[in-house]
>>> print(open('input-v6.cif').read())   # mmCIF, C-alpha atoms
data_work
#
loop_
_atom_site.label_atom_id
_atom_site.label_comp_id
_atom_site.auth_asym_id
_atom_site.auth_seq_id
_atom_site.Cartn_x
_atom_site.Cartn_y
_atom_site.Cartn_z
CA MET W 56 -43.59 -18.53 18.27
CA THR W 57 -44.68 -15.32 16.59
CA SER W 58 -43.94 -14.47 12.98
CA GLY W 59 -42.35 -11.22 14.19
CA GLY W 60 -39.93 -13.18 16.40
CA ALA W 61 -39.01 -15.60 13.60
CA LEU W 62 -38.51 -12.73 11.14
CA ALA W 63 -36.32 -10.89 13.64
CA ARG W 64 -34.20 -14.05 14.10
CA VAL W 65 -33.80 -14.47 10.31
CA ILE W 66 -32.80 -10.81 9.89
CA ARG W 67 -30.39 -11.01 12.84
CA SER W 68 -28.90 -14.29 11.50
CA ALA W 69 -28.43 -12.78 8.01
CA ALA W 70 -26.77 -9.69 9.52
CA GLU W 71 -24.46 -11.87 11.63
CA GLN W 72 -23.52 -13.98 8.60
CA SER W 73 -22.86 -10.85 6.55
CA ALA W 74 -20.67 -9.38 9.32
CA ALA W 75 -18.79 -12.68 9.66
CA ALA W 76 -18.22 -12.81 5.88
CA ALA W 77 -16.91 -9.23 5.93
CA ALA W 78 -14.52 -9.90 8.85
CA GLU W 79 -10.97 -10.43 7.66
CA VAL W 80 -9.13 -13.61 8.50
CA CYS W 81 -5.50 -14.67 8.36
CA GLU W 82 -4.80 -16.07 4.90
CA LEU W 83 -2.47 -18.68 6.40
CA CYS W 84 -4.37 -20.06 9.41
CA ALA W 85 -7.88 -18.53 9.01
CA ALA W 86 -7.83 -16.92 12.47
CA PRO W 87 -9.67 -13.58 12.69
CA VAL W 88 -7.42 -10.54 12.30
CA ALA W 89 -7.80 -7.10 13.84
CA GLY W 90 -8.48 -4.00 11.75
CA GLU W 91 -4.76 -3.13 11.92
CA HIS W 92 -2.90 -6.32 11.11
CA PRO W 93 0.35 -7.42 9.45
CA HIS W 94 0.66 -8.33 5.79
CA LEU W 95 2.86 -10.68 3.79
CA LEU W 96 3.85 -10.20 0.18
CA GLU W 97 3.49 -13.39 -1.84
CA THR W 98 6.52 -12.89 -4.05
CA ALA W 99 5.56 -15.13 -6.99
CA VAL W 100 2.42 -13.09 -7.74
CA ALA W 101 3.36 -9.79 -5.99
CA GLU W 102 0.14 -9.82 -3.97
CA VAL W 103 -0.35 -8.76 -0.36
CA ARG W 104 -1.90 -11.28 2.04
CA CYS W 105 -3.51 -10.54 5.42
CA VAL W 106 -2.01 -12.45 8.37
CA CYS W 107 -2.52 -12.61 12.10
CA ARG W 108 0.27 -11.49 14.44
CA PRO W 109 1.34 -15.04 15.44
CA CYS W 110 1.73 -16.08 11.78
CA SER W 111 3.58 -12.86 10.94
CA VAL W 112 6.24 -13.69 13.56
CA LEU W 113 7.17 -16.79 11.52
CA PHE W 114 8.27 -14.55 8.63
CA ALA W 115 10.18 -11.92 10.60
CA ASP W 116 13.80 -11.47 9.50
CA GLY W 117 13.38 -13.74 6.47
CA GLY W 118 12.17 -16.68 8.59
CA ALA W 119 9.72 -19.27 7.24
CA GLY W 120 8.48 -19.56 3.70
CA GLU W 121 11.79 -20.05 1.85
CA GLY W 122 11.34 -16.68 0.13
CA ARG W 123 7.77 -17.37 -1.01
CA TYR W 124 6.51 -14.72 1.41
CA LYS W 125 8.06 -11.54 2.76
CA LEU W 126 6.77 -9.73 5.83
CA VAL W 127 5.73 -6.18 4.97
CA PRO W 128 7.49 -3.83 7.42
CA ARG W 129 5.64 -1.11 9.34
CA ARG W 130 8.07 1.81 9.11
CA ARG W 131 7.04 5.13 7.59
CA VAL W 132 9.76 7.72 7.03
CA ARG W 133 9.06 11.19 5.73
CA LEU W 134 11.82 12.39 3.41
CA PRO W 135 12.87 15.84 2.30
CA PRO W 136 11.86 16.59 -1.30
CA VAL W 137 13.34 14.04 -3.71
CA ASP W 138 13.98 14.90 -7.37
CA THR W 139 12.11 12.00 -8.95
CA GLY W 140 12.44 13.68 -12.35
CA LEU W 141 15.54 11.48 -12.74
CA LEU W 142 13.19 8.51 -12.98
CA GLY W 143 11.26 9.92 -15.94
CA VAL W 144 7.81 9.55 -14.40
CA PRO W 145 5.37 12.24 -15.55
CA VAL W 146 2.71 11.84 -12.83
CA GLY W 147 2.58 13.50 -9.42
CA LEU W 148 0.98 10.69 -7.38
CA VAL W 149 3.11 7.59 -7.74
CA PHE W 150 5.08 4.97 -5.83
CA PHE W 151 8.35 3.27 -6.75
CA VAL W 152 9.17 -0.27 -5.66
CA PRO W 153 12.70 -1.65 -6.08
CA ARG W 154 12.50 -5.41 -6.70
CA SER W 155 14.68 -8.37 -5.76
CA ASP W 156 15.34 -9.08 -9.44
CA GLY W 157 17.02 -5.66 -9.85
CA THR W 158 14.11 -3.94 -11.57
CA VAL W 159 12.22 -0.92 -10.24
CA THR W 160 8.53 -0.44 -10.92
CA ALA W 161 6.50 2.73 -10.74
CA GLN W 162 2.79 2.57 -10.06
CA GLY W 163 0.27 5.37 -10.10
CA PRO W 164 -3.37 5.20 -9.04
CA SER W 165 -6.13 5.69 -11.58
CA PRO W 166 -9.91 5.21 -11.67
CA ALA W 167 -9.26 1.71 -13.05
CA GLY W 168 -6.65 0.70 -10.44
CA ALA W 169 -2.86 0.95 -10.54
CA MET W 170 -1.02 1.86 -13.73
CA ARG W 171 2.36 0.15 -13.73
CA TRP W 172 5.55 0.65 -15.69
CA GLU W 173 9.25 -0.16 -15.31
CA VAL W 174 11.75 2.52 -14.32
CA ASP W 175 15.41 2.55 -15.33
CA ALA W 176 17.20 0.73 -12.48
CA ALA W 177 20.40 2.77 -13.03
CA ALA W 178 18.37 5.99 -12.59
CA TRP W 179 17.00 4.59 -9.30
CA ARG W 180 20.55 3.87 -8.08
CA ARG W 181 21.60 7.44 -8.96
CA LEU W 182 18.60 8.78 -7.04
CA ALA W 183 19.50 6.59 -4.05
CA GLU W 184 23.03 8.05 -4.11
CA ARG W 185 21.54 11.56 -3.88
CA CYS W 186 19.05 10.53 -1.18
CA PRO W 187 20.78 7.92 1.04
CA PRO W 188 17.60 6.79 2.90
CA LEU W 189 16.40 5.28 -0.39
CA ALA W 190 19.25 2.78 -0.24
CA SER W 191 17.60 1.34 2.90
CA VAL W 192 14.27 0.56 1.17
CA THR W 193 13.49 -3.14 1.70
CA LEU W 194 13.19 -4.78 -1.71
CA ASP W 195 9.68 -5.76 -2.83
CA VAL W 196 7.91 -4.66 0.38
CA GLU W 197 8.74 -0.95 0.79
CA ALA W 198 8.28 1.92 -1.63
CA LEU W 199 9.07 5.55 -2.25
CA LEU W 200 5.63 7.20 -2.25
CA VAL W 201 5.43 10.64 -3.89
CA ASN W 202 2.62 13.19 -4.02
CA THR W 203 3.31 16.43 -5.86
CA VAL W 204 -0.30 16.94 -6.98
CA ARG W 205 -1.99 20.28 -6.34
CA GLY W 206 1.12 21.97 -4.97
CA LEU W 207 1.98 19.29 -2.40
CA ASP W 208 5.51 17.99 -1.94
CA GLU W 209 5.23 14.71 -0.03
CA HIS W 210 7.95 12.05 -0.20
CA TRP W 211 7.83 8.97 2.00
CA ILE W 212 9.33 5.53 2.47
CA VAL W 213 6.29 3.39 3.28
CA PRO W 214 5.18 -0.25 3.35
CA VAL W 215 3.72 -1.38 0.01
CA ASP W 216 0.36 -2.08 1.64
CA ASP W 217 0.03 1.67 2.31
CA CYS W 218 0.52 2.24 -1.41
CA TYR W 219 -2.17 -0.28 -2.31
CA ARG W 220 -4.52 1.38 0.18
CA MET W 221 -3.88 4.69 -1.58
CA VAL W 222 -4.64 3.10 -4.98
CA ALA W 223 -7.91 1.69 -3.60
CA LEU W 224 -8.83 5.08 -2.13
CA VAL W 225 -8.33 6.86 -5.47
CA ARG W 226 -10.32 4.21 -7.30
CA ARG W 227 -13.18 4.44 -4.79
CA GLU W 228 -13.35 8.25 -4.67
CA TRP W 229 -12.70 9.14 -8.35
CA ARG W 230 -15.63 10.73 -10.22
CA GLY W 231 -15.81 11.86 -13.84
CA LEU W 232 -12.81 12.70 -15.99
CA SER W 233 -10.84 14.84 -13.52
CA GLY W 234 -11.54 12.98 -10.30
CA GLY W 235 -14.35 15.16 -8.99
CA GLY W 236 -14.45 16.99 -5.69
CA ARG W 237 -13.84 14.02 -3.37
CA VAL W 238 -10.66 12.30 -4.55
CA TRP W 239 -8.04 15.01 -3.86
CA PRO W 240 -9.26 15.88 -0.34
CA ALA W 241 -9.26 12.11 0.38
CA VAL W 242 -5.67 11.83 -0.90
CA GLU W 243 -4.64 14.77 1.32
CA GLU W 244 -6.28 13.04 4.31
CA PHE W 245 -4.38 9.87 3.46
CA PHE W 246 -1.05 11.75 3.63
CA THR W 247 -2.09 13.49 6.86
CA ALA W 248 -2.78 10.05 8.35
CA LEU W 249 0.71 8.91 7.25
CA THR W 250 2.16 11.78 9.27
CA GLU W 251 0.12 10.76 12.29
CA ARG W 252 1.13 7.07 11.97
CA SER W 253 4.86 7.68 11.43
#
>>> encode(input="input-v6.cif", output="C-alpha cells")
Amino acid sequence: MTSGGALARVIRSAAEQSAAAAAEVCELCAAPVAGEHPHLLETAVAEVRCVCRPCSVLFADGGAGEGRYKLVPRRRVRLPPVDTGLLGVPVGLVFFVPRSDGTVTAQGPSPAGAMRWEVDAAAWRRLAERCPPLASVTLDVEALLVNTVRGLDEHWIVPVDDCYRMVALVRREWRGLSGGGRVWPAVEEFFTALTERS
C-alpha cells in the first residue's frame, strides 16, 4: 500500500461523505429526493419540508396528516397587472399568502431574510373580487408573487416554495446597501425561469 493510494482513498471518502451529506432526503422517510421534488408545509410552524414523490402522494387532496401537513401545489399562473396598492405594501418585490386562519401575510426579501407583516384581510378580499384568479389561491401553500422593481410588472400565483427560493436568492446575491450589481439580474432570471416553468 502506498501513501499516495491511502491519501487518495481518504480524499475520495471525504468527498463522498460531503456529497452524501449535501444530498437532500425526504423529511418523512429519509429516502433520497431528486433535485426537483415535492414539498409539504408543516402548518404549525409554517415551514416547508422536502419529501419524496411516494410520500407526497399520501398528502394529495388533503389526505394523511390530519392537517399537520399540506402538500405544496406545483401550479404557476401569470396574471395581468394587479393593483396591490389596495394592500398598503410599499415594496416592489413581495409575496402575499392568505392563511387558513383568515389572515393574509406579506413577505418581502431582504439581505437578512424575509421581512413579514400582516395585511388587512378585507383589502385582500376586495383585491380578489377585482382579480378573480386570486380567489383560487390555495390557503397557506400558494401566494401572489409581485415584482414591480426596476420597471418590471410581474404578477404570479405560485407555490410558496418558489417564494422562499426567491428570498434565499436575494439573501445570497445581495451586496452592500443597495444590493449591488448581482441581485437584480438574478431576480430577473428567477422570473424568466417562472415563465419557462409555467
>>> residues_around(input="input-v6.cif", residues="region 137-154 of chain W", least_positions_apart="5", cutoff="8 Å", atoms="only C-alpha atoms", output="JSON, numbers by chain")
{"W": [159, 160, 161, 162, 163, 164, 174, 175, 178, 179, 182, 186, 192, 193, 194, 195, 196, 197, 198, 199, 200, 201, 202, 203, 204, 210, 215, 218]}
>>> closest_atom_pairs(input="input-v6.cif", of="region 81-111 of chain W", to="region 124-134 of chain W", cutoff="7 Å", atoms="all atoms listed in the file", output="CSV")
residue,atom,partner,partner_atom,distance
W:His94,CA,W:Val127,CA,5.6
W:Leu95,CA,W:Leu126,CA,4.5
W:Leu96,CA,W:Lys125,CA,5.1
W:Glu97,CA,W:Tyr124,CA,4.6
W:Thr98,CA,W:Tyr124,CA,5.8
W:Ser111,CA,W:Leu126,CA,6.8
>>> residues_around(input="input-v6.cif", residues="Ser165 (chain W)", least_positions_apart="5", cutoff="8 Å", atoms="all atoms listed in the file", output="compact mmCIF listing (two decimals) with C-alpha atoms, in the coordinates of the input")
# COMPACT_ATOMS: atom_id res chain seq x y z
CA MET W 170 -1.02 1.86 -13.73
CA VAL W 222 -4.64 3.10 -4.98
CA VAL W 225 -8.33 6.86 -5.47
CA ARG W 226 -10.32 4.21 -7.30
>>> residues_around(input="input-v6.cif", residues="Val106 (chain W)", least_positions_apart="6", cutoff="6 Å", atoms="only C-alpha atoms", output="PyMOL selection string")
chain W and resi 81-82+93-94
>>> closest_residue(input="input-v6.cif", among="W:Ala241, W:Ala167, W:Ala99, W:Thr250", to="Met221 (chain W)", atoms="all atoms listed in the file")
W:Ala241
>>> atom_distance(input="input-v6.cif", atom1="CA of Ala169 (chain W)", atom2="CA of Ser191 (chain W)")
24.5 Å
>>> atom_distance(input="input-v6.cif", atom1="CA of Leu83 (chain W)", atom2="CA of Phe114 (chain W)")
11.7 Å
>>> decode(input="input-v6.cif", residues="region 225-239 of chain W", atoms="all heavy atoms", output="PDB file, in the first residue's frame")
ATOM      1  N   VAL W 225     -32.224  36.355  -3.083  1.00  0.00           N
ATOM      2  CA  VAL W 225     -31.917  37.751  -2.750  1.00  0.00           C
ATOM      3  C   VAL W 225     -30.901  37.805  -1.623  1.00  0.00           C
ATOM      4  O   VAL W 225     -29.931  38.566  -1.677  1.00  0.00           O
ATOM      5  CB  VAL W 225     -33.202  38.533  -2.392  1.00  0.00           C
ATOM      6  CG1 VAL W 225     -32.878  39.888  -1.778  1.00  0.00           C
ATOM      7  CG2 VAL W 225     -34.080  38.700  -3.632  1.00  0.00           C
ATOM      8  N   ARG W 226     -31.094  36.983  -0.616  1.00  0.00           N
ATOM      9  CA  ARG W 226     -30.156  36.982   0.516  1.00  0.00           C
ATOM     10  C   ARG W 226     -28.744  36.590   0.071  1.00  0.00           C
ATOM     11  O   ARG W 226     -27.757  37.162   0.503  1.00  0.00           O
ATOM     12  CB  ARG W 226     -30.666  36.022   1.586  1.00  0.00           C
ATOM     13  CG  ARG W 226     -29.876  36.103   2.852  1.00  0.00           C
ATOM     14  CD  ARG W 226     -30.520  35.329   3.957  1.00  0.00           C
ATOM     15  NE  ARG W 226     -29.801  35.598   5.187  1.00  0.00           N
ATOM     16  CZ  ARG W 226     -30.041  34.987   6.303  1.00  0.00           C
ATOM     17  NH1 ARG W 226     -30.990  34.092   6.382  1.00  0.00           N
ATOM     18  NH2 ARG W 226     -29.334  35.265   7.372  1.00  0.00           N
ATOM     19  N   ARG W 227     -28.654  35.598  -0.812  1.00  0.00           N
ATOM     20  CA  ARG W 227     -27.355  35.124  -1.284  1.00  0.00           C
ATOM     21  C   ARG W 227     -26.649  36.140  -2.175  1.00  0.00           C
ATOM     22  O   ARG W 227     -25.432  36.318  -2.095  1.00  0.00           O
ATOM     23  CB  ARG W 227     -27.545  33.808  -2.058  1.00  0.00           C
ATOM     24  CG  ARG W 227     -26.252  33.184  -2.526  1.00  0.00           C
ATOM     25  CD  ARG W 227     -26.480  31.921  -3.333  1.00  0.00           C
ATOM     26  NE  ARG W 227     -27.126  32.227  -4.592  1.00  0.00           N
ATOM     27  CZ  ARG W 227     -28.270  31.701  -5.021  1.00  0.00           C
ATOM     28  NH1 ARG W 227     -28.914  30.823  -4.290  1.00  0.00           N
ATOM     29  NH2 ARG W 227     -28.777  32.051  -6.176  1.00  0.00           N
ATOM     30  N   GLU W 228     -27.408  36.842  -3.032  1.00  0.00           N
ATOM     31  CA  GLU W 228     -26.797  37.724  -4.032  1.00  0.00           C
ATOM     32  C   GLU W 228     -26.640  39.180  -3.583  1.00  0.00           C
ATOM     33  O   GLU W 228     -25.942  39.942  -4.233  1.00  0.00           O
ATOM     34  CB  GLU W 228     -27.624  37.692  -5.325  1.00  0.00           C
ATOM     35  CG  GLU W 228     -27.726  36.324  -5.967  1.00  0.00           C
ATOM     36  CD  GLU W 228     -26.380  35.782  -6.437  1.00  0.00           C
ATOM     37  OE1 GLU W 228     -25.446  36.570  -6.672  1.00  0.00           O
ATOM     38  OE2 GLU W 228     -26.257  34.549  -6.565  1.00  0.00           O
ATOM     39  N   TRP W 229     -27.289  39.587  -2.507  1.00  0.00           N
ATOM     40  CA  TRP W 229     -27.266  40.990  -2.062  1.00  0.00           C
ATOM     41  C   TRP W 229     -25.867  41.396  -1.623  1.00  0.00           C
ATOM     42  O   TRP W 229     -25.214  40.684  -0.881  1.00  0.00           O
ATOM     43  CB  TRP W 229     -28.235  41.185  -0.903  1.00  0.00           C
ATOM     44  CG  TRP W 229     -28.515  42.615  -0.599  1.00  0.00           C
ATOM     45  CD1 TRP W 229     -27.737  43.464   0.132  1.00  0.00           C
ATOM     46  CD2 TRP W 229     -29.639  43.376  -1.032  1.00  0.00           C
ATOM     47  NE1 TRP W 229     -28.315  44.704   0.201  1.00  0.00           N
ATOM     48  CE2 TRP W 229     -29.498  44.680  -0.506  1.00  0.00           C
ATOM     49  CE3 TRP W 229     -30.761  43.088  -1.786  1.00  0.00           C
ATOM     50  CZ2 TRP W 229     -30.423  45.687  -0.727  1.00  0.00           C
ATOM     51  CZ3 TRP W 229     -31.688  44.080  -1.999  1.00  0.00           C
ATOM     52  CH2 TRP W 229     -31.516  45.366  -1.479  1.00  0.00           C
ATOM     53  N   ARG W 230     -25.438  42.584  -2.088  1.00  0.00           N
ATOM     54  CA  ARG W 230     -24.145  43.163  -1.689  1.00  0.00           C
ATOM     55  C   ARG W 230     -24.343  44.632  -1.335  1.00  0.00           C
ATOM     56  O   ARG W 230     -25.043  45.362  -2.048  1.00  0.00           O
ATOM     57  CB  ARG W 230     -23.110  43.074  -2.820  1.00  0.00           C
ATOM     58  CG  ARG W 230     -22.801  41.672  -3.309  1.00  0.00           C
ATOM     59  CD  ARG W 230     -22.050  40.855  -2.250  1.00  0.00           C
ATOM     60  NE  ARG W 230     -21.728  39.526  -2.706  1.00  0.00           N
ATOM     61  CZ  ARG W 230     -22.512  38.450  -2.595  1.00  0.00           C
ATOM     62  NH1 ARG W 230     -23.707  38.557  -2.058  1.00  0.00           N
ATOM     63  NH2 ARG W 230     -22.115  37.275  -3.018  1.00  0.00           N
ATOM     64  N   GLY W 231     -23.726  45.076  -0.251  1.00  0.00           N
ATOM     65  CA  GLY W 231     -23.766  46.491   0.113  1.00  0.00           C
ATOM     66  C   GLY W 231     -25.148  46.955   0.532  1.00  0.00           C
ATOM     67  O   GLY W 231     -26.016  46.170   0.908  1.00  0.00           O
ATOM     68  N   LEU W 232     -25.343  48.264   0.460  1.00  0.00           N
ATOM     69  CA  LEU W 232     -26.605  48.858   0.895  1.00  0.00           C
ATOM     70  C   LEU W 232     -27.722  48.744  -0.135  1.00  0.00           C
ATOM     71  O   LEU W 232     -28.898  48.641   0.210  1.00  0.00           O
ATOM     72  CB  LEU W 232     -26.392  50.339   1.245  1.00  0.00           C
ATOM     73  CG  LEU W 232     -25.492  50.608   2.452  1.00  0.00           C
ATOM     74  CD1 LEU W 232     -25.259  52.096   2.613  1.00  0.00           C
ATOM     75  CD2 LEU W 232     -26.108  50.019   3.707  1.00  0.00           C
ATOM     76  N   SER W 233     -27.381  48.788  -1.423  1.00  0.00           N
ATOM     77  CA  SER W 233     -28.415  48.817  -2.465  1.00  0.00           C
ATOM     78  C   SER W 233     -28.587  47.482  -3.192  1.00  0.00           C
ATOM     79  O   SER W 233     -29.379  47.380  -4.114  1.00  0.00           O
ATOM     80  CB  SER W 233     -28.089  49.902  -3.490  1.00  0.00           C
ATOM     81  OG  SER W 233     -26.879  49.582  -4.149  1.00  0.00           O
ATOM     82  N   GLY W 234     -27.848  46.484  -2.800  1.00  0.00           N
ATOM     83  CA  GLY W 234     -27.979  45.177  -3.428  1.00  0.00           C
ATOM     84  C   GLY W 234     -26.826  44.817  -4.334  1.00  0.00           C
ATOM     85  O   GLY W 234     -26.573  43.656  -4.596  1.00  0.00           O
ATOM     86  N   GLY W 235     -26.125  45.824  -4.845  1.00  0.00           N
ATOM     87  CA  GLY W 235     -25.003  45.548  -5.730  1.00  0.00           C
ATOM     88  C   GLY W 235     -25.453  45.210  -7.136  1.00  0.00           C
ATOM     89  O   GLY W 235     -26.633  45.335  -7.479  1.00  0.00           O
ATOM     90  N   GLY W 236     -24.522  44.766  -7.941  1.00  0.00           N
ATOM     91  CA  GLY W 236     -24.799  44.516  -9.356  1.00  0.00           C
ATOM     92  C   GLY W 236     -25.329  43.134  -9.663  1.00  0.00           C
ATOM     93  O   GLY W 236     -25.720  42.862 -10.792  1.00  0.00           O
ATOM     94  N   ARG W 237     -25.367  42.232  -8.670  1.00  0.00           N
ATOM     95  CA  ARG W 237     -25.762  40.847  -8.962  1.00  0.00           C
ATOM     96  C   ARG W 237     -27.207  40.522  -8.615  1.00  0.00           C
ATOM     97  O   ARG W 237     -27.824  39.675  -9.251  1.00  0.00           O
ATOM     98  CB  ARG W 237     -24.853  39.890  -8.182  1.00  0.00           C
ATOM     99  CG  ARG W 237     -23.436  39.940  -8.654  1.00  0.00           C
ATOM    100  CD  ARG W 237     -22.464  39.111  -7.875  1.00  0.00           C
ATOM    101  NE  ARG W 237     -23.021  38.045  -7.065  1.00  0.00           N
ATOM    102  CZ  ARG W 237     -22.278  37.230  -6.342  1.00  0.00           C
ATOM    103  NH1 ARG W 237     -20.973  37.371  -6.320  1.00  0.00           N
ATOM    104  NH2 ARG W 237     -22.826  36.280  -5.622  1.00  0.00           N
ATOM    105  N   VAL W 238     -27.775  41.186  -7.604  1.00  0.00           N
ATOM    106  CA  VAL W 238     -29.067  40.749  -7.090  1.00  0.00           C
ATOM    107  C   VAL W 238     -30.197  40.968  -8.096  1.00  0.00           C
ATOM    108  O   VAL W 238     -31.016  40.069  -8.320  1.00  0.00           O
ATOM    109  CB  VAL W 238     -29.391  41.395  -5.726  1.00  0.00           C
ATOM    110  CG1 VAL W 238     -29.639  42.882  -5.839  1.00  0.00           C
ATOM    111  CG2 VAL W 238     -30.587  40.702  -5.087  1.00  0.00           C
ATOM    112  N   TRP W 239     -30.269  42.138  -8.736  1.00  0.00           N
ATOM    113  CA  TRP W 239     -31.417  42.412  -9.614  1.00  0.00           C
ATOM    114  C   TRP W 239     -31.380  41.595 -10.900  1.00  0.00           C
ATOM    115  O   TRP W 239     -32.425  41.087 -11.321  1.00  0.00           O
ATOM    116  CB  TRP W 239     -31.572  43.909  -9.854  1.00  0.00           C
ATOM    117  CG  TRP W 239     -31.765  44.601  -8.535  1.00  0.00           C
ATOM    118  CD1 TRP W 239     -30.948  45.526  -7.959  1.00  0.00           C
ATOM    119  CD2 TRP W 239     -32.812  44.355  -7.577  1.00  0.00           C
ATOM    120  NE1 TRP W 239     -31.428  45.881  -6.710  1.00  0.00           N
ATOM    121  CE2 TRP W 239     -32.569  45.186  -6.455  1.00  0.00           C
ATOM    122  CE3 TRP W 239     -33.928  43.531  -7.555  1.00  0.00           C
ATOM    123  CZ2 TRP W 239     -33.400  45.198  -5.337  1.00  0.00           C
ATOM    124  CZ3 TRP W 239     -34.755  43.543  -6.432  1.00  0.00           C
ATOM    125  CH2 TRP W 239     -34.492  44.369  -5.351  1.00  0.00           C
TER     126      TRP W 239
END
